[in-house]
Amino acid sequence: ESSAASDVYKRQGFVGSFLLDTLEDTQAKLTLATRSEQVHFMTKLFFIREINENTEWTQGLLSQDVVIHCAARAHIMNEEVADPLTAYRQVNVDGTLNLARQAADAAVKRFIYISSIKVNGESTSGNVPFVEKDIAKPLDPYGVSKYEAEEGLKKIAADTGMEVVIIRPPLVYGSGVKANFLNLLKLANTSLPLPLGMVNNKRSMVYVENLIDFIVKCIDHPAAANQTFFISDNHDLSLTGLLRLIRNSMNKPARLIPMPVFFFKLAGLIFRQQDVVDRLVGDLQVDSSKAMSLLDWKPPYTVEQGIQATVDSFLKNKK
């Protein structure tokens, strides 16, 4: 028995909807915490208005063994609120810990929390990939809120005995992906030559079906209890390599013009967009070996399969 708290807060349930589809196939007794009016015949729905320190979860937690918490105030590039950290904390910290305390009171055995690689920082350029034992170095309000939630969950676990599993994925992509990855798909789908043929960085990503497979693994694996995991496709790509793969999946020629990365960094400096440029041309790698060794897990889908599925969905929806 498990409870999926679907991410309907900002991303329309991108991870949560894939998770729900997978769990429904297992015939598990599910309760979906949601703000939407969607109907799932195999799933009990528990409607909530918002996620904060005052949300009442009691009825949704009845007879549940596991809570999978995917919901969050998502990372926003162009933040508009006056105090972003407070806004993130209300949902990602206060809301999460309120749910966890009520879960512990309801005798939930395991709480699986989908965190973010932003807890570790924004870049591994010039360094080795992030590993779980690295000291957390969140650099923006979103990353800080995720880190504070993790620390609060560990304390609740220590105080109550409820097991906590923390998963820090890097960029998650797949059918229906939004934000920057969607913009990249749109750019790749043009016939324009792109000056991105010399961006030989390395970035870890995770196909959403690989992430879901790992989350399901964590539901009842005894070795997952009170552990933190990094997850990826185990196949890092450069921006150049990613664009080649995307355009190949679209049956388009790559048309990538070799331009030194220096020019992008200079443009970022001039237009005060260094953070955006760093995400494009910098490194951000994670080491998933702990997940693979401790839980005997390996990604069921290759990055090629993940990109092809993502592209196919994008082209279908575009039509």
# chains A, B, ... in the order shown; residues from 1 in each chain; ligands from 1
$ residues_around --residues "stretch 177-187 of chain A" --least-positions-apart "2" --cutoff "9 Å" --atoms "only C-alpha atoms" --output "list in words"
Arg11, Phe14, Leu171, Val172, Tyr173, Gly174, Ser175, Asn189, Thr190, Ser191, Leu192, Leu194, Leu243, Ile246, Arg247, Thr310, Val311 and Phe314 of chain A
$ select_by_dssp --residues "stretch 129-234 of chain A" --states "strand (DSSP E)" --output "ChimeraX atom specification"
/A:163-168,171-173,205-207,228-230
$ residues_around --residues "A:Leu256" --least-positions-apart "4" --cutoff "8 Å" --atoms "only C-alpha atoms" --output "PDB file with N, CA, C and O atoms, in the first residue's frame"
ATOM      1  N   PRO A 193      20.587  26.526 -38.450  1.00  0.00           N
ATOM      2  CA  PRO A 193      21.908  26.089 -37.963  1.00  0.00           C
ATOM      3  C   PRO A 193      22.126  26.697 -36.576  1.00  0.00           C
ATOM      4  O   PRO A 193      21.785  27.861 -36.337  1.00  0.00           O
ATOM      5  N   LEU A 194      22.664  25.924 -35.670  1.00  0.00           N
ATOM      6  CA  LEU A 194      22.850  26.391 -34.299  1.00  0.00           C
ATOM      7  C   LEU A 194      24.342  26.461 -33.971  1.00  0.00           C
ATOM      8  O   LEU A 194      25.088  25.517 -34.241  1.00  0.00           O
ATOM      9  N   PRO A 195      24.796  27.577 -33.377  1.00  0.00           N
ATOM     10  CA  PRO A 195      26.231  27.748 -33.081  1.00  0.00           C
ATOM     11  C   PRO A 195      26.651  27.008 -31.815  1.00  0.00           C
ATOM     12  O   PRO A 195      27.292  27.576 -30.932  1.00  0.00           O
ATOM     13  N   LEU A 196      26.304  25.735 -31.721  1.00  0.00           N
ATOM     14  CA  LEU A 196      26.505  24.969 -30.485  1.00  0.00           C
ATOM     15  C   LEU A 196      27.290  23.689 -30.738  1.00  0.00           C
ATOM     16  O   LEU A 196      27.108  22.693 -30.050  1.00  0.00           O
ATOM     17  N   GLY A 197      28.172  23.740 -31.716  1.00  0.00           N
ATOM     18  CA  GLY A 197      28.911  22.547 -32.093  1.00  0.00           C
ATOM     19  C   GLY A 197      30.188  22.298 -31.322  1.00  0.00           C
ATOM     20  O   GLY A 197      30.878  21.302 -31.578  1.00  0.00           O
ATOM     21  N   THR A 240      26.168  19.766 -27.059  1.00  0.00           N
ATOM     22  CA  THR A 240      26.320  19.394 -28.468  1.00  0.00           C
ATOM     23  C   THR A 240      25.798  17.986 -28.721  1.00  0.00           C
ATOM     24  O   THR A 240      25.045  17.742 -29.666  1.00  0.00           O
TER      25      THR A 240
END
$ closest_residue --among "A:Gln227, A:Lys265, A:Ile215, A:Lys316" --to "A:Lys154" --atoms "only C-alpha atoms"
A:Gln227
$ residues_around --residues "A:Val131" --least-positions-apart "2" --cutoff "9 Å" --atoms "only C-alpha atoms" --output "number ranges by chain"
A: 128-129, 133-134, 229-230, 286-290
$ closest_residue --among "A:Val199, A:Ala291, A:Met162, A:Ala74" --to "A:Asp213" --atoms "only C-alpha atoms"
A:Ala291
$ closest_atom_pairs --of "stretch 132-250 of chain A" --to "stretch 52-72 of chain A" --cutoff "10 Å" --atoms "only C-alpha atoms" --output "tab-separated table"
residue	atom	partner	partner_atom	distance
A:Tyr142	CA	A:Ala72	CA	9.7
A:Ser145	CA	A:Ala72	CA	9.9
A:Lys146	CA	A:Ala72	CA	9.1
A:Met162	CA	A:Val66	CA	9.8
A:Glu163	CA	A:Val66	CA	9.3
A:Val164	CA	A:Val67	CA	9.6
A:Val165	CA	A:Ile68	CA	9.3
A:Ile166	CA	A:His69	CA	10.0
A:Ile215	CA	A:Ile68	CA	8.3
A:Val216	CA	A:Ile68	CA	9.5
A:Cys218	CA	A:Ile68	CA	9.8
A:Ile219	CA	A:Val66	CA	6.9
A:Asp220	CA	A:Val66	CA	8.7
$ write_last_selection --atoms "all heavy atoms" --output "CSV table (one decimal), in the first residue's frame"
chain,number,residue,atom,x,y,z
A,142,TYR,N,15.4,28.0,-4.1
A,142,TYR,CA,14.8,26.6,-4.3
A,142,TYR,C,15.7,25.5,-3.7
A,142,TYR,O,15.2,24.7,-2.9
A,142,TYR,CB,14.6,26.4,-5.8
A,142,TYR,CG,14.2,25.0,-6.1
A,142,TYR,CD1,12.9,24.6,-5.9
A,142,TYR,CD2,15.0,24.1,-6.7
A,142,TYR,CE1,12.4,23.3,-6.2
A,142,TYR,CE2,14.6,22.8,-7.0
A,142,TYR,CZ,13.3,22.4,-6.8
A,142,TYR,OH,12.9,21.2,-7.1
A,145,SER,N,15.6,25.6,0.1
A,145,SER,CA,14.3,25.0,0.6
A,145,SER,C,14.3,23.5,0.6
A,145,SER,O,13.9,22.8,1.5
A,145,SER,CB,13.1,25.6,-0.1
A,145,SER,OG,13.0,25.1,-1.5
A,146,LYS,N,14.9,22.9,-0.5
A,146,LYS,CA,14.9,21.5,-0.6
A,146,LYS,C,15.9,20.9,0.5
A,146,LYS,O,15.6,19.9,1.1
A,146,LYS,CB,15.4,21.1,-2.0
A,146,LYS,CG,14.3,21.2,-3.1
A,146,LYS,CD,13.2,20.2,-2.8
A,146,LYS,CE,12.3,20.1,-4.0
A,146,LYS,NZ,11.3,19.0,-3.8
A,162,MET,N,10.0,6.6,11.7
A,162,MET,CA,9.5,6.5,10.3
A,162,MET,C,10.8,6.6,9.4
A,162,MET,O,11.6,7.4,9.5
A,162,MET,CB,8.6,7.6,9.9
A,162,MET,CG,8.0,7.5,8.5
A,162,MET,SD,6.8,8.9,8.2
A,162,MET,CE,7.9,10.3,8.2
A,163,GLU,N,10.8,5.6,8.4
A,163,GLU,CA,12.0,5.6,7.5
A,163,GLU,C,11.8,6.7,6.4
A,163,GLU,O,10.7,6.9,5.9
A,163,GLU,CB,12.1,4.2,6.8
A,163,GLU,CG,12.3,3.1,7.8
A,163,GLU,CD,12.2,1.7,7.1
A,163,GLU,OE1,11.7,1.7,5.9
A,163,GLU,OE2,12.5,0.7,7.7
A,164,VAL,N,12.9,7.4,6.1
A,164,VAL,CA,12.9,8.4,5.1
A,164,VAL,C,13.9,8.0,4.0
A,164,VAL,O,15.0,7.6,4.3
A,164,VAL,CB,13.3,9.8,5.7
A,164,VAL,CG1,13.6,10.8,4.6
A,164,VAL,CG2,12.1,10.3,6.6
A,165,VAL,N,13.5,8.2,2.8
A,165,VAL,CA,14.3,8.0,1.6
A,165,VAL,C,14.3,9.3,0.8
A,165,VAL,O,13.3,9.8,0.5
A,165,VAL,CB,13.8,6.8,0.7
A,165,VAL,CG1,14.8,6.6,-0.5
A,165,VAL,CG2,13.7,5.5,1.5
A,166,ILE,N,15.5,9.8,0.5
A,166,ILE,CA,15.7,11.1,-0.2
A,166,ILE,C,16.3,10.8,-1.5
A,166,ILE,O,17.3,10.1,-1.6
A,166,ILE,CB,16.5,12.0,0.6
A,166,ILE,CG1,15.9,12.4,1.9
A,166,ILE,CG2,16.8,13.3,-0.2
A,166,ILE,CD1,16.7,13.2,2.9
A,215,ILE,N,12.1,5.0,-8.0
A,215,ILE,CA,11.2,5.3,-6.9
A,215,ILE,C,10.4,4.1,-6.4
A,215,ILE,O,10.3,3.8,-5.2
A,215,ILE,CB,10.2,6.4,-7.3
A,215,ILE,CG1,10.9,7.8,-7.5
A,215,ILE,CG2,9.1,6.6,-6.2
A,215,ILE,CD1,10.0,8.9,-8.1
A,216,VAL,N,9.9,3.3,-7.4
A,216,VAL,CA,9.2,2.1,-7.1
A,216,VAL,C,10.1,1.1,-6.3
A,216,VAL,O,9.7,0.4,-5.4
A,216,VAL,CB,8.6,1.5,-8.3
A,216,VAL,CG1,8.0,0.1,-8.1
A,216,VAL,CG2,7.6,2.4,-8.9
A,218,CYS,N,12.4,1.9,-4.3
A,218,CYS,CA,12.6,2.4,-3.0
A,218,CYS,C,11.4,2.1,-2.1
A,218,CYS,O,11.5,2.3,-0.9
A,218,CYS,CB,12.9,3.9,-3.0
A,218,CYS,SG,14.6,4.2,-3.6
A,219,ILE,N,10.3,1.8,-2.6
A,219,ILE,CA,9.0,1.6,-1.8
A,219,ILE,C,9.2,0.5,-0.7
A,219,ILE,O,8.8,0.7,0.4
A,219,ILE,CB,7.8,1.2,-2.7
A,219,ILE,CG1,7.4,2.5,-3.5
A,219,ILE,CG2,6.7,0.7,-1.9
A,219,ILE,CD1,6.3,2.2,-4.5
A,220,ASP,N,9.9,-0.6,-1.1
A,220,ASP,CA,10.0,-1.7,-0.1
A,220,ASP,C,11.3,-2.3,0.0
A,220,ASP,O,11.5,-3.3,0.7
A,220,ASP,CB,8.9,-2.8,-0.4
A,220,ASP,CG,9.1,-3.3,-1.8
A,220,ASP,OD1,10.0,-3.0,-2.5
A,220,ASP,OD2,8.2,-4.1,-2.2
$ residues_around --residues "A:Ile156" --least-positions-apart "2" --cutoff "12 Å" --atoms "only C-alpha atoms" --output "list in words"
Thr96, Leu97, Asn98, Leu99, Ala100, Arg101, Gln102, Ala103, Ala104, Asp105, Arg110, Phe111, Ala149, Glu150, Glu151, Gly152, Leu153, Lys154, Ala158, Asp159, Thr160, Gly161, Met162, Glu163, Val164 and Asn226 of chain A
$ atom_distance --atom1 "atom CA of A:Gly13" --atom2 "atom CA of A:Phe130"
27.2 Å
$ closest_residue --among "A:Leu245, A:Pro141, A:Asp233, A:Gln273" --to "A:Asn210" --atoms "only C-alpha atoms"
A:Asp233
$ select_by_dssp --residues "stretch 126-284 of chain A" --states "alpha helix (DSSP H)" --output "JSON, numbers by chain"
{"A": [141, 142, 143, 144, 145, 146, 147, 148, 149, 150, 151, 152, 153, 154, 155, 156, 157, 158, 159, 160, 179, 180, 181, 182, 183, 184, 185, 186, 187, 188, 208, 209, 210, 211, 212, 213, 214, 215, 216, 217, 218, 219, 220, 239, 240, 241, 242, 243, 244, 245, 246, 247, 248, 249, 261, 262, 263, 264, 265, 266, 267, 268, 269, 270, 274, 275, 276, 277, 278, 279, 280, 281]}
$ closest_residue --among "A:Arg255, A:Arg49, A:Lys217, A:Lys109" --to "A:Leu23" --atoms "only C-alpha atoms"
A:Lys217
